[in-house]
file data.txt (compact mmCIF, C-alpha atoms and all ligand atoms)
# COMPACT_ATOMS: atom_id res chain seq x y z
CA MET A 9 -18.48 5.69 -28.12
CA ARG A 10 -14.97 7.21 -28.25
CA VAL A 11 -12.94 6.52 -25.12
CA LEU A 12 -9.76 8.20 -23.86
CA VAL A 13 -7.81 6.14 -21.29
CA ILE A 14 -5.33 8.01 -19.09
CA GLY A 15 -2.28 6.08 -17.86
CA SER A 16 0.61 3.99 -19.12
CA GLY A 17 0.74 0.69 -17.25
CA ALA A 18 -0.50 -2.86 -17.66
CA ARG A 19 -3.75 -1.90 -15.93
CA GLU A 20 -4.41 0.66 -18.65
CA HIS A 21 -3.35 -1.86 -21.31
CA ALA A 22 -5.92 -4.29 -19.86
CA LEU A 23 -8.59 -1.57 -19.86
CA VAL A 24 -7.81 -0.81 -23.51
CA GLU A 25 -8.00 -4.50 -24.47
CA ALA A 26 -11.34 -4.92 -22.67
CA LEU A 27 -12.69 -1.76 -24.33
CA ARG A 28 -11.62 -3.14 -27.72
CA ARG A 29 -13.88 -6.15 -27.05
CA ASP A 30 -16.88 -3.81 -26.49
CA PRO A 31 -18.82 -3.43 -29.76
CA GLY A 32 -20.16 -0.10 -28.49
CA VAL A 33 -16.66 1.41 -28.44
CA SER A 34 -15.72 2.83 -31.85
CA ALA A 35 -12.33 4.42 -31.07
CA ILE A 36 -9.79 4.34 -28.23
CA CYS A 37 -6.96 6.71 -27.45
CA ALA A 38 -4.52 6.24 -24.55
CA ALA A 39 -2.37 8.94 -23.02
CA PRO A 40 0.49 8.56 -22.58
CA GLY A 41 -0.07 4.83 -23.20
CA ASN A 42 2.79 2.44 -23.90
CA PRO A 43 4.23 0.50 -26.86
CA GLY A 44 1.89 -2.45 -26.23
CA ILE A 45 -1.20 -0.23 -26.24
CA ALA A 46 0.11 1.54 -29.36
CA GLN A 47 -0.19 -1.72 -31.33
CA HIS A 48 -4.00 -1.44 -31.21
CA ALA A 49 -4.95 2.09 -30.20
CA GLU A 50 -3.91 5.63 -30.81
CA VAL A 51 -1.48 6.95 -28.16
CA ARG A 52 -0.73 10.59 -27.37
CA ALA A 53 2.03 12.01 -25.22
CA VAL A 54 0.30 14.14 -22.60
CA ASP A 55 1.04 14.65 -18.94
CA PRO A 56 -1.69 12.65 -17.12
CA CYS A 57 -1.41 15.06 -14.18
CA SER A 58 -2.12 18.19 -16.22
CA GLY A 59 -5.83 19.08 -16.29
CA PRO A 60 -5.46 21.46 -19.27
CA GLU A 61 -3.50 18.87 -21.30
CA VAL A 62 -5.94 16.03 -20.58
CA VAL A 63 -8.97 18.23 -21.34
CA ALA A 64 -7.40 19.53 -24.57
CA LEU A 65 -6.73 15.97 -25.71
CA ALA A 66 -10.24 14.80 -24.74
CA ARG A 67 -11.68 17.63 -26.87
CA ASP A 68 -9.31 17.02 -29.76
CA PHE A 69 -10.13 13.29 -29.75
CA ALA A 70 -13.86 14.09 -29.33
CA ALA A 71 -13.98 11.67 -26.38
CA ASP A 72 -17.41 10.62 -25.14
CA LEU A 73 -15.78 9.14 -22.04
CA VAL A 74 -12.45 9.65 -20.27
CA VAL A 75 -11.24 6.79 -18.04
CA ILE A 76 -8.52 7.72 -15.55
CA GLY A 77 -6.40 4.74 -14.48
CA PRO A 78 -3.82 5.82 -11.88
CA GLU A 79 -4.41 7.38 -8.46
CA VAL A 80 -2.10 10.38 -8.75
CA PRO A 81 -4.12 12.23 -11.45
CA LEU A 82 -7.31 11.42 -9.53
CA VAL A 83 -5.94 12.81 -6.27
CA LEU A 84 -4.80 15.89 -8.22
CA GLY A 85 -8.34 16.53 -9.52
CA ILE A 86 -7.97 15.59 -13.19
CA ALA A 87 -11.45 13.97 -13.17
CA ASP A 88 -12.87 17.27 -11.89
CA ALA A 89 -11.19 19.13 -14.76
CA VAL A 90 -12.62 16.71 -17.35
CA ARG A 91 -16.14 16.91 -15.90
CA ALA A 92 -15.91 20.72 -15.70
CA ALA A 93 -15.26 20.65 -19.46
CA GLY A 94 -18.58 18.82 -19.92
CA ILE A 95 -17.05 15.42 -20.76
CA ALA A 96 -18.11 12.22 -18.95
CA CYS A 97 -15.30 10.89 -16.78
CA PHE A 98 -14.79 7.55 -15.04
CA GLY A 99 -12.91 8.39 -11.87
CA PRO A 100 -13.67 10.19 -8.60
CA SER A 101 -13.29 13.86 -7.77
CA ALA A 102 -10.18 14.95 -5.88
CA ASP A 103 -12.31 15.23 -2.73
CA ALA A 104 -13.58 11.65 -3.02
CA ALA A 105 -10.14 10.33 -4.07
CA ARG A 106 -8.93 11.27 -0.57
CA ILE A 107 -10.21 7.82 0.40
CA GLU A 108 -6.85 6.71 -1.04
CA GLY A 109 -4.82 9.93 -0.91
CA SER A 110 -5.29 10.58 2.81
CA LYS A 111 -5.21 7.64 5.16
CA ALA A 112 -6.49 9.88 7.98
CA PHE A 113 -9.56 10.77 5.85
CA ALA A 114 -10.14 7.08 5.01
CA LYS A 115 -9.97 6.09 8.69
CA ASP A 116 -12.38 8.88 9.61
CA VAL A 117 -14.89 7.81 6.93
CA MET A 118 -14.62 4.17 8.00
CA ALA A 119 -15.15 5.07 11.67
CA ALA A 120 -18.25 7.10 10.79
CA ALA A 121 -19.54 4.27 8.56
CA GLY A 122 -18.98 1.66 11.28
CA VAL A 123 -16.60 -0.35 9.12
CA ARG A 124 -14.08 -2.74 10.66
CA THR A 125 -10.47 -1.75 9.97
CA ALA A 126 -7.06 -1.76 11.64
CA HIS A 127 -6.41 0.49 14.63
CA SER A 128 -3.90 3.15 13.56
CA GLU A 129 -1.76 6.09 14.70
CA ILE A 130 0.09 8.73 12.72
CA VAL A 131 3.64 9.58 13.83
CA ASP A 132 5.02 12.95 12.68
CA HIS A 133 8.17 13.29 14.78
CA PRO A 134 11.11 10.90 15.24
CA GLY A 135 10.90 11.44 19.02
CA GLU A 136 7.43 9.82 19.06
CA LEU A 137 8.36 6.72 17.06
CA ASP A 138 9.60 4.38 19.80
CA ALA A 139 6.71 4.95 22.15
CA ALA A 140 4.25 4.50 19.28
CA LEU A 141 5.92 1.24 18.18
CA ASP A 142 5.53 -0.01 21.77
CA ARG A 143 1.76 0.39 21.43
CA PHE A 144 1.73 -1.92 18.36
CA GLY A 145 3.09 -5.31 17.31
CA PRO A 146 4.26 -7.83 16.96
CA THR A 147 3.52 -7.87 13.96
CA TRP A 148 4.23 -4.23 13.00
CA VAL A 149 2.61 -2.61 9.97
CA VAL A 150 4.50 0.58 9.04
CA LYS A 151 3.19 2.66 6.11
CA ASP A 152 4.07 5.85 4.32
CA ASP A 153 1.06 8.11 5.01
CA GLY A 154 0.82 9.14 1.39
CA LEU A 155 0.71 7.62 -2.08
CA ALA A 156 3.58 5.13 -2.35
CA ALA A 157 2.29 2.59 -4.90
CA GLY A 158 2.38 -0.22 -2.33
CA LYS A 159 6.11 0.11 -1.84
CA GLY A 160 5.98 2.30 1.28
CA VAL A 161 4.61 -0.58 3.39
CA VAL A 162 6.65 -2.80 5.69
CA VAL A 163 4.94 -5.65 7.54
CA THR A 164 7.36 -7.32 9.92
CA ALA A 165 7.71 -9.22 13.17
CA ASP A 166 11.12 -7.57 13.65
CA ARG A 167 10.79 -4.41 15.73
CA SER A 168 14.11 -2.95 14.59
CA ALA A 169 13.14 -3.39 10.91
CA ALA A 170 9.85 -1.63 11.70
CA ARG A 171 11.76 1.17 13.46
CA ASP A 172 14.27 1.55 10.62
CA HIS A 173 11.49 1.91 8.03
CA GLY A 174 9.59 4.42 10.18
CA ALA A 175 12.75 6.45 10.83
CA GLU A 176 13.64 6.46 7.12
CA LEU A 177 10.18 7.72 6.14
CA LEU A 178 10.33 10.47 8.78
CA GLU A 179 13.81 11.48 7.58
CA GLN A 180 12.30 11.90 4.08
CA GLY A 181 9.66 14.17 5.62
CA HIS A 182 6.81 11.65 5.26
CA PRO A 183 4.45 11.08 8.21
CA VAL A 184 4.32 7.43 9.26
CA LEU A 185 1.14 5.41 9.73
CA LEU A 186 1.35 2.55 12.24
CA GLU A 187 -1.43 -0.02 12.05
CA SER A 188 -2.46 -3.08 13.98
CA PHE A 189 -1.95 -6.26 11.96
CA LEU A 190 -5.08 -7.77 10.42
CA ASP A 191 -5.00 -11.55 10.20
CA GLY A 192 -6.49 -13.72 7.48
CA PRO A 193 -6.12 -14.07 3.72
CA GLU A 194 -6.33 -10.89 1.68
CA VAL A 195 -8.96 -10.09 -0.93
CA SER A 196 -9.17 -7.23 -3.41
CA LEU A 197 -12.77 -6.39 -4.20
CA PHE A 198 -13.30 -3.80 -6.94
CA CYS A 199 -16.69 -2.09 -6.97
CA LEU A 200 -18.17 0.25 -9.53
CA VAL A 201 -19.63 3.03 -7.40
CA ASP A 202 -21.95 5.82 -8.47
CA GLY A 203 -23.09 7.66 -5.35
CA GLU A 204 -24.83 5.01 -3.26
CA THR A 205 -25.05 2.41 -6.07
CA VAL A 206 -22.42 -0.31 -5.64
CA VAL A 207 -21.74 -3.06 -8.20
CA PRO A 208 -18.99 -5.54 -7.26
CA LEU A 209 -16.68 -7.16 -9.80
CA LEU A 210 -15.07 -10.57 -9.24
CA PRO A 211 -12.93 -10.83 -6.07
CA ALA A 212 -9.21 -11.25 -6.70
CA GLN A 213 -6.03 -11.80 -4.70
CA ASP A 214 -2.77 -9.90 -5.22
CA HIS A 215 0.75 -11.16 -4.32
CA LYS A 216 2.48 -8.10 -2.92
CA ARG A 217 5.87 -9.43 -1.82
CA VAL A 218 8.63 -9.77 -4.39
CA GLY A 219 9.67 -13.33 -3.51
CA GLU A 220 8.03 -16.73 -3.67
CA GLY A 221 6.31 -17.86 -0.50
CA ASP A 222 5.53 -14.19 0.28
CA THR A 223 9.11 -13.26 1.13
CA GLY A 224 11.12 -10.09 0.59
CA PRO A 225 9.96 -6.48 0.33
CA ASN A 226 6.54 -5.28 -0.74
CA THR A 227 6.07 -4.30 -4.38
CA GLY A 228 3.31 -2.78 -6.45
CA GLY A 229 2.10 -6.40 -6.94
CA MET A 230 3.80 -9.41 -8.55
CA GLY A 231 0.72 -11.27 -9.74
CA ALA A 232 -2.95 -11.91 -9.10
CA TYR A 233 -5.76 -14.34 -9.79
CA THR A 234 -9.52 -14.59 -9.85
CA PRO A 235 -11.92 -16.03 -8.77
CA LEU A 236 -11.01 -17.16 -5.26
CA PRO A 237 -12.07 -20.79 -4.76
CA TRP A 238 -11.45 -20.56 -1.00
CA LEU A 239 -13.71 -17.54 -0.41
CA PRO A 240 -17.18 -18.45 0.89
CA GLU A 241 -19.80 -17.51 -1.69
CA SER A 242 -21.60 -15.14 0.68
CA THR A 243 -18.51 -13.04 1.45
CA VAL A 244 -18.70 -10.67 -1.54
CA ALA A 245 -22.29 -9.75 -0.67
CA GLU A 246 -21.25 -9.30 2.98
CA ILE A 247 -18.39 -6.95 1.98
CA VAL A 248 -20.73 -4.93 -0.23
CA THR A 249 -23.45 -4.64 2.42
CA ASP A 250 -21.32 -4.17 5.52
CA ILE A 251 -18.36 -2.24 4.09
CA VAL A 252 -18.60 -0.68 0.63
CA GLU A 253 -22.22 0.51 0.73
CA PRO A 254 -21.84 2.18 4.16
CA VAL A 255 -18.63 3.90 3.00
CA ALA A 256 -20.27 5.07 -0.25
CA ALA A 257 -23.25 6.36 1.77
CA GLU A 258 -20.95 8.17 4.21
CA LEU A 259 -19.16 9.88 1.30
CA VAL A 260 -22.55 11.01 -0.07
CA ARG A 261 -23.51 12.26 3.42
CA ARG A 262 -20.29 14.33 3.52
CA GLY A 263 -21.06 15.89 0.14
CA VAL A 264 -18.22 14.06 -1.64
CA PRO A 265 -20.03 11.28 -3.55
CA PHE A 266 -17.74 8.70 -5.10
CA SER A 267 -17.98 8.04 -8.84
CA GLY A 268 -15.64 5.45 -10.32
CA LEU A 269 -13.92 2.36 -9.01
CA LEU A 270 -13.71 1.89 -5.27
CA TYR A 271 -11.17 -0.81 -4.43
CA ALA A 272 -11.53 -2.42 -1.03
CA GLY A 273 -8.38 -4.21 0.12
CA LEU A 274 -9.52 -6.59 2.87
CA ALA A 275 -8.28 -9.24 5.26
CA ILE A 276 -10.77 -12.01 5.95
CA GLY A 277 -10.11 -12.72 9.62
CA GLN A 278 -11.80 -14.43 12.54
CA ALA A 279 -14.12 -11.47 13.01
CA GLY A 280 -15.02 -11.38 9.30
CA PRO A 281 -13.81 -9.03 6.56
CA ALA A 282 -11.82 -5.97 7.71
CA VAL A 283 -10.45 -3.17 5.55
CA VAL A 284 -6.70 -2.96 5.03
CA GLU A 285 -7.05 0.02 2.69
CA PHE A 286 -9.29 1.69 0.17
CA ASN A 287 -8.04 2.77 -3.23
CA CYS A 288 -9.81 5.13 -5.59
CA ARG A 289 -9.06 3.25 -8.85
CA PHE A 290 -8.67 -0.16 -10.45
CA GLY A 291 -5.95 -2.22 -8.75
CA ASP A 292 -2.84 -3.32 -10.56
CA PRO A 293 -2.22 -6.23 -11.31
CA GLU A 294 -5.63 -7.67 -10.22
CA THR A 295 -7.52 -5.72 -12.92
CA GLN A 296 -5.64 -7.60 -15.62
CA ALA A 297 -7.04 -10.92 -14.36
CA VAL A 298 -10.53 -9.62 -13.52
CA LEU A 299 -11.09 -8.02 -16.93
CA ALA A 300 -9.88 -11.19 -18.68
CA LEU A 301 -13.07 -12.88 -17.41
CA LEU A 302 -15.47 -9.98 -18.09
CA ASP A 303 -18.10 -10.98 -20.63
CA SER A 304 -20.06 -7.70 -20.58
CA PRO A 305 -19.19 -4.58 -22.56
CA LEU A 306 -16.76 -2.65 -20.33
CA GLY A 307 -17.37 0.71 -21.99
CA ALA A 308 -21.09 0.54 -21.20
CA LEU A 309 -20.41 -0.20 -17.50
CA LEU A 310 -17.85 2.60 -17.16
CA HIS A 311 -20.07 5.08 -19.03
CA ALA A 312 -23.06 4.22 -16.83
CA THR A 313 -20.93 4.79 -13.73
CA ALA A 314 -19.58 8.08 -15.07
CA THR A 315 -23.03 9.39 -16.00
CA GLY A 316 -24.86 8.44 -12.79
CA THR A 317 -26.93 5.65 -14.34
CA LEU A 318 -25.20 2.60 -12.86
CA ASP A 319 -28.45 1.57 -11.14
CA GLN A 320 -30.01 1.07 -14.59
CA ALA A 321 -27.07 -0.82 -16.12
CA GLU A 322 -27.13 -4.56 -16.73
CA PRO A 323 -25.00 -6.24 -14.03
CA PRO A 324 -21.62 -7.53 -15.24
CA ARG A 325 -21.53 -11.05 -16.67
CA TRP A 326 -18.48 -13.27 -16.24
CA ARG A 327 -16.94 -16.04 -18.29
CA ASP A 328 -16.58 -19.40 -16.61
CA GLY A 329 -13.11 -20.46 -15.56
CA ALA A 330 -10.21 -18.60 -13.98
CA ALA A 331 -7.62 -15.99 -14.86
CA ILE A 332 -4.18 -15.13 -13.57
CA THR A 333 -1.66 -12.33 -14.11
CA VAL A 334 2.07 -12.93 -13.67
CA VAL A 335 4.32 -9.87 -13.54
CA LEU A 336 7.73 -9.94 -15.20
CA ALA A 337 9.91 -7.52 -13.23
CA ALA A 338 13.26 -5.94 -14.06
CA GLU A 339 16.51 -6.89 -12.37
CA ASN A 340 16.74 -5.27 -8.93
CA TYR A 341 13.02 -4.50 -8.72
CA PRO A 342 11.67 -3.17 -6.35
CA ALA A 343 14.81 -1.43 -5.00
CA HIS A 344 16.57 0.00 -8.08
CA PRO A 345 15.15 -1.59 -11.24
CA ARG A 346 17.51 -1.76 -14.17
CA LYS A 347 16.15 -0.18 -17.34
CA GLY A 348 17.06 -0.11 -21.02
CA ASP A 349 17.43 -3.88 -21.58
CA LEU A 350 16.25 -5.57 -24.76
CA ILE A 351 13.00 -7.58 -24.53
CA THR A 352 12.21 -10.38 -26.98
CA GLY A 353 9.52 -13.04 -27.23
CA THR A 354 6.46 -10.85 -26.64
CA GLU A 355 5.10 -10.99 -30.19
CA ALA A 356 3.61 -14.45 -30.64
CA ALA A 357 -0.16 -14.36 -30.14
CA GLU A 358 -1.41 -17.47 -28.39
CA PRO A 359 -4.86 -18.63 -27.35
CA ASN A 360 -5.76 -18.01 -23.71
CA THR A 361 -2.84 -15.63 -23.08
CA GLU A 362 -2.14 -11.92 -23.49
CA VAL A 363 1.12 -10.06 -22.97
CA LEU A 364 0.40 -6.65 -21.48
CA HIS A 365 2.99 -3.88 -21.29
CA ALA A 366 3.70 -2.14 -18.00
CA GLY A 367 7.18 -0.56 -18.12
CA THR A 368 8.39 -0.73 -21.71
CA ALA A 369 9.68 1.72 -24.31
CA LEU A 370 10.85 1.67 -27.91
CA ARG A 371 14.54 2.30 -28.59
CA GLU A 372 15.48 4.60 -31.49
CA ASP A 373 15.92 1.57 -33.74
CA GLY A 374 12.41 0.36 -32.84
CA ALA A 375 13.52 -2.42 -30.48
CA LEU A 376 11.42 -3.02 -27.35
CA ILE A 377 13.30 -2.25 -24.11
CA SER A 378 12.53 -2.22 -20.39
CA ALA A 379 11.62 1.16 -18.92
CA GLY A 380 10.24 0.43 -15.45
CA GLY A 381 10.27 -1.95 -12.50
CA ARG A 382 7.27 -4.03 -13.53
CA VAL A 383 7.96 -4.52 -17.21
CA LEU A 384 5.33 -6.91 -18.61
CA ASN A 385 2.34 -8.90 -17.43
CA VAL A 386 1.30 -12.24 -18.82
CA VAL A 387 -2.43 -12.75 -18.37
CA ALA A 388 -3.87 -16.20 -18.96
CA THR A 389 -7.25 -17.87 -18.66
CA GLY A 390 -8.18 -21.51 -18.25
CA ALA A 391 -10.98 -23.82 -17.21
CA ASP A 392 -9.60 -23.52 -13.67
CA LEU A 393 -6.69 -21.86 -11.88
CA ALA A 394 -4.34 -24.78 -12.52
CA GLU A 395 -4.92 -24.53 -16.27
CA ALA A 396 -4.63 -20.73 -16.24
CA ARG A 397 -1.31 -21.07 -14.37
CA ALA A 398 -0.01 -23.57 -16.89
CA HIS A 399 -0.84 -21.24 -19.81
CA ALA A 400 0.70 -18.20 -18.08
CA TYR A 401 3.97 -19.85 -17.10
CA ASP A 402 4.37 -21.51 -20.48
CA ARG A 403 4.04 -18.07 -22.10
CA ILE A 404 6.25 -16.10 -19.69
CA GLU A 405 9.11 -18.60 -20.00
CA ARG A 406 9.41 -17.65 -23.65
CA ILE A 407 9.91 -13.92 -22.97
CA LYS A 408 13.55 -12.92 -22.67
CA LEU A 409 14.72 -9.93 -20.63
CA PRO A 410 18.19 -10.08 -19.03
CA GLY A 411 18.12 -10.19 -15.22
CA SER A 412 14.33 -10.26 -15.06
CA HIS A 413 12.39 -12.24 -12.49
CA PHE A 414 8.85 -13.37 -11.77
CA ARG A 415 7.15 -15.31 -9.01
CA GLY A 416 6.46 -18.92 -9.88
CA ASP A 417 3.81 -19.33 -7.21
CA ILE A 418 1.01 -16.99 -8.32
CA ALA A 419 -2.28 -18.70 -7.33
CA LEU A 420 -0.37 -21.81 -6.28
CA ALA A 421 -1.61 -21.82 -2.68
CA ALA A 422 -5.19 -21.58 -3.98
CA VAL A 423 -4.63 -24.45 -6.43
CA GLU A 424 -3.11 -26.57 -3.65
CA ASP A 425 -6.00 -25.70 -1.33
CA ARG A 426 -3.66 -24.13 1.26
CA ILE A 427 -5.77 -21.01 1.89
CA SER A 428 -8.63 -21.03 4.33
CA VAL A 429 -10.79 -18.40 5.89
CA PRO A 430 -10.59 -18.53 9.72
CA THR A 431 -13.65 -19.82 11.52
CA ARG A 432 -15.70 -16.93 12.83
CA ALA A 433 -14.96 -16.05 16.47
N1 LIG B 1 -2.74 -4.29 -6.16
C1 LIG B 1 -2.28 -3.20 -5.39
C2 LIG B 1 -2.71 -1.90 -5.86
O1 LIG B 1 -3.21 -1.74 -6.95
O2 LIG B 1 -2.54 -0.93 -5.12

call {"tool": "encode", "arguments": {"input": "data.txt", "output": "structure tokens"}}
result
Amino acid sequence: MRVLVIGSGAREHALVEALRRDPGVSAICAAPGNPGIAQHAEVRAVDPCSGPEVVALARDFAADLVVIGPEVPLVLGIADAVRAAGIACFGPSADAARIEGSKAFAKDVMAAAGVRTAHSEIVDHPGELDAALDRFGPTWVVKDDGLAAGKGVVVTADRSAARDHGAELLEQGHPVLLESFLDGPEVSLFCLVDGETVVPLLPAQDHKRVGEGDTGPNTGGMGAYTPLPWLPESTVAEIVTDIVEPVAAELVRRGVPFSGLLYAGLAIGQAGPAVVEFNCRFGDPETQAVLALLDSPLGALLHATATGTLDQAEPPRWRDGAAITVVLAAENYPAHPRKGDLITGTEAAEPNTEVLHAGTALREDGALISAGGRVLNVVATGADLAEARAHAYDRIERIKLPGSHFRGDIALAAVEDRISVPTRA
């Protein structure tokens, strides 16, 4: 099978590495890819948001399967364009991708499916903001009602900080979504979904704030780990049965069946799991950790999803142990990341660790430089989370990028047994 992966981040690098481990995959191309991916796969410079460009490349590469990583091309209908060209595509239609692209649509689907989620209101005009804030908080959850890669979210107990963020979004012409705060530890559950067939992957936890101890502004994600030793064993099945399957069925009922990866972001509170958000694609950086433990051929699972045969596919198998991803971010990330700095120390291959590229580029002289906010990911596995952490931090310490930073506490609360699921009310 020849596979074309669309995207350029560490998530796509992880997808490429997992596809390389699949003996059924004979060739991989990534577009636009990145310098890390280019070490082991062909890369082509196409615009991931151009249907004609992606289709032309898929034909030229003779792709049997196109895998679309990021949400923006999905929301823009690139999966529809690929399927219309007669090529199998892993990724939902534009209509189904509204589960991420339109928070109002997602709330409506969840209400119809009877799924527990935060109460919310959309504010379109600055004059409505104060009264709306009075109906929420504390704690206030203020979101950009569009695609903002995690960075448009402010969660705060400070009303004036909530107001400032809402006012700034409105000034930029973005509607604001206010939500009630959901308590409890967060879980990212990725499910392969093909119509009403739902196959969960391992649950993971992201670390969204930039600073240790969950301080500072939200980011696209500073690190993740899997599995979750604190999550009761029955919870994944409960999320599938009570949340993901009803949502998948509701999308089928509306004539917009989902095909691809449905990512449920959840808070596990006193009343049980509740949805914080749905995304229409693999999460970043959780995917990097989840795929590090996948023992099944990834290409076969994605192809079965894309061709409507997921119900006949062998369920995913997982390696024992644990995996973590630690993100190396550029100076001033997430506000104004500095770019163009020299990176060294990525080359050495070591057992149990991988260095994945997220925001890198090659200078004219061939040197590796930073080119984004999240620059690299170190992914490590171990017999348990403590060992995986030790491998990851040992490896990341030896990468040099001026001004860069990473969180030293990825998975630490889980290792120290400081996370617990509230007792059911
Ligand atoms: N892990 C956050 C996201 O992928 O949106």

call {"tool": "residues_near_point", "arguments": {"input": "data.txt", "point": "(1.7, -0.7, -17.4)", "cutoff": "8 Å", "atoms": "only C-alpha atoms", "output": "count of residues only"}}
result
16

call {"tool": "closest_atom_pairs", "arguments": {"input": "data.txt", "of": "chain A", "to": "ligand LIG 1 (chain B)", "cutoff": "7 Å", "atoms": "only C-alpha atoms and all ligand atoms", "output": "tab-separated table"}}
result
residue	atom	partner	partner_atom	distance
A:Ala157	CA	B:LIG1	O2	6.0
A:Gly158	CA	B:LIG1	O2	5.7
A:Asp214	CA	B:LIG1	N1	5.7
A:Gly228	CA	B:LIG1	C1	5.7
A:Gly229	CA	B:LIG1	N1	5.3
A:Asn287	CA	B:LIG1	O2	6.9
A:Phe290	CA	B:LIG1	O1	6.7
A:Gly291	CA	B:LIG1	O1	3.3
A:Asp292	CA	B:LIG1	O1	4.0
A:Pro293	CA	B:LIG1	N1	5.5
A:Glu294	CA	B:LIG1	N1	6.0

call {"tool": "closest_residue", "arguments": {"input": "data.txt", "among": "A:Asn226, A:Thr333, A:Thr243, A:Thr354", "to": "A:Val387", "atoms": "all atoms listed in the file"}}
result
A:Thr333

call {"tool": "closest_residue", "arguments": {"input": "data.txt", "among": "A:Leu141, A:Ile276, A:Lys216, A:Gly44", "to": "A:Pro240", "atoms": "all atoms listed in the file"}}
result
A:Ile276

call {"tool": "atom_distance", "arguments": {"input": "data.txt", "atom1": "atom CA of A:Ala126", "atom2": "atom CA of A:Arg289"}}
result
21.2 Å

call {"tool": "residues_around", "arguments": {"input": "data.txt", "residues": "A:Val11", "least_positions_apart": "6", "cutoff": "6 Å", "atoms": "only C-alpha atoms", "output": "ChimeraX atom specification"}}
result
/A:36,71,73-74

call {"tool": "write_last_selection", "arguments": {"input": "data.txt", "atoms": "C-alpha atoms", "output": "PDB file, in the frame of the given file"}}
result
ATOM      1  CA  ILE A  36      -9.790   4.340 -28.230  1.00  0.00           C
ATOM      2  CA  ALA A  71     -13.980  11.670 -26.380  1.00  0.00           C
ATOM      3  CA  LEU A  73     -15.780   9.140 -22.040  1.00  0.00           C
ATOM      4  CA  VAL A  74     -12.450   9.650 -20.270  1.00  0.00           C
TER       5      VAL A  74
END

call {"tool": "closest_residue", "arguments": {"input": "data.txt", "among": "A:Lys151, A:Arg124, A:Arg217, A:His311", "to": "A:Ile251", "atoms": "only C-alpha atoms"}}
result
A:Arg124

call {"tool": "closest_residue", "arguments": {"input": "data.txt", "among": "A:Val248, A:Gly192, A:Pro281, A:Val260", "to": "A:Ser428", "atoms": "all atoms listed in the file"}}
result
A:Gly192

call {"tool": "residues_around", "arguments": {"input": "data.txt", "residues": "A:Asp55", "least_positions_apart": "5", "cutoff": "9 Å", "atoms": "only C-alpha atoms", "output": "mmCIF file with C-alpha atoms, in the coordinates of the input"}}
result
data_model
loop_
_atom_site.group_PDB
_atom_site.id
_atom_site.type_symbol
_atom_site.label_atom_id
_atom_site.label_comp_id
_atom_site.auth_asym_id
_atom_site.auth_seq_id
_atom_site.Cartn_x
_atom_site.Cartn_y
_atom_site.Cartn_z
ATOM 1 C CA ALA A 39 -2.370 8.940 -23.020
ATOM 2 C CA PRO A 40 0.490 8.560 -22.580
ATOM 3 C CA GLU A 61 -3.500 18.870 -21.300
ATOM 4 C CA VAL A 62 -5.940 16.030 -20.580
#

call {"tool": "closest_residue", "arguments": {"input": "data.txt", "among": "A:Leu310, A:Ala105, A:Leu302, A:Cys199", "to": "A:Phe266", "atoms": "only C-alpha atoms"}}
result
A:Ala105

call {"tool": "decode", "arguments": {"input": "data.txt", "residues": "stretch 26-50 of chain A", "atoms": "C-alpha atoms", "output": "CSV table (one decimal), in the first residue's frame"}}
result
chain,number,residue,atom,x,y,z
A,26,ALA,CA,4.2,4.2,12.6
A,27,LEU,CA,3.3,3.6,8.9
A,28,ARG,CA,7.0,2.7,8.3
A,29,ARG,CA,6.6,0.0,10.9
A,30,ASP,CA,3.7,-1.5,8.9
A,31,PRO,CA,4.9,-4.3,6.6
A,32,GLY,CA,1.9,-3.7,4.4
A,33,VAL,CA,3.0,-0.1,3.6
A,34,SER,CA,5.4,-0.1,0.6
A,35,ALA,CA,5.9,3.6,0.1
A,36,ILE,CA,5.2,6.8,2.0
A,37,CYS,CA,5.0,10.4,0.8
A,38,ALA,CA,4.3,13.4,3.1
A,39,ALA,CA,3.2,16.8,1.9
A,40,PRO,CA,4.5,19.3,2.8
A,41,GLY,CA,6.2,17.2,5.5
A,42,ASN,CA,9.2,18.5,7.4
A,43,PRO,CA,13.0,17.9,7.5
A,44,GLY,CA,12.6,15.0,10.0
A,45,ILE,CA,10.1,13.2,7.9
A,46,ALA,CA,12.3,13.8,4.8
A,47,GLN,CA,15.0,11.6,6.4
A,48,HIS,CA,12.8,8.5,5.8
A,49,ALA,CA,10.1,9.4,3.3
A,50,GLU,CA,9.6,11.3,0.2
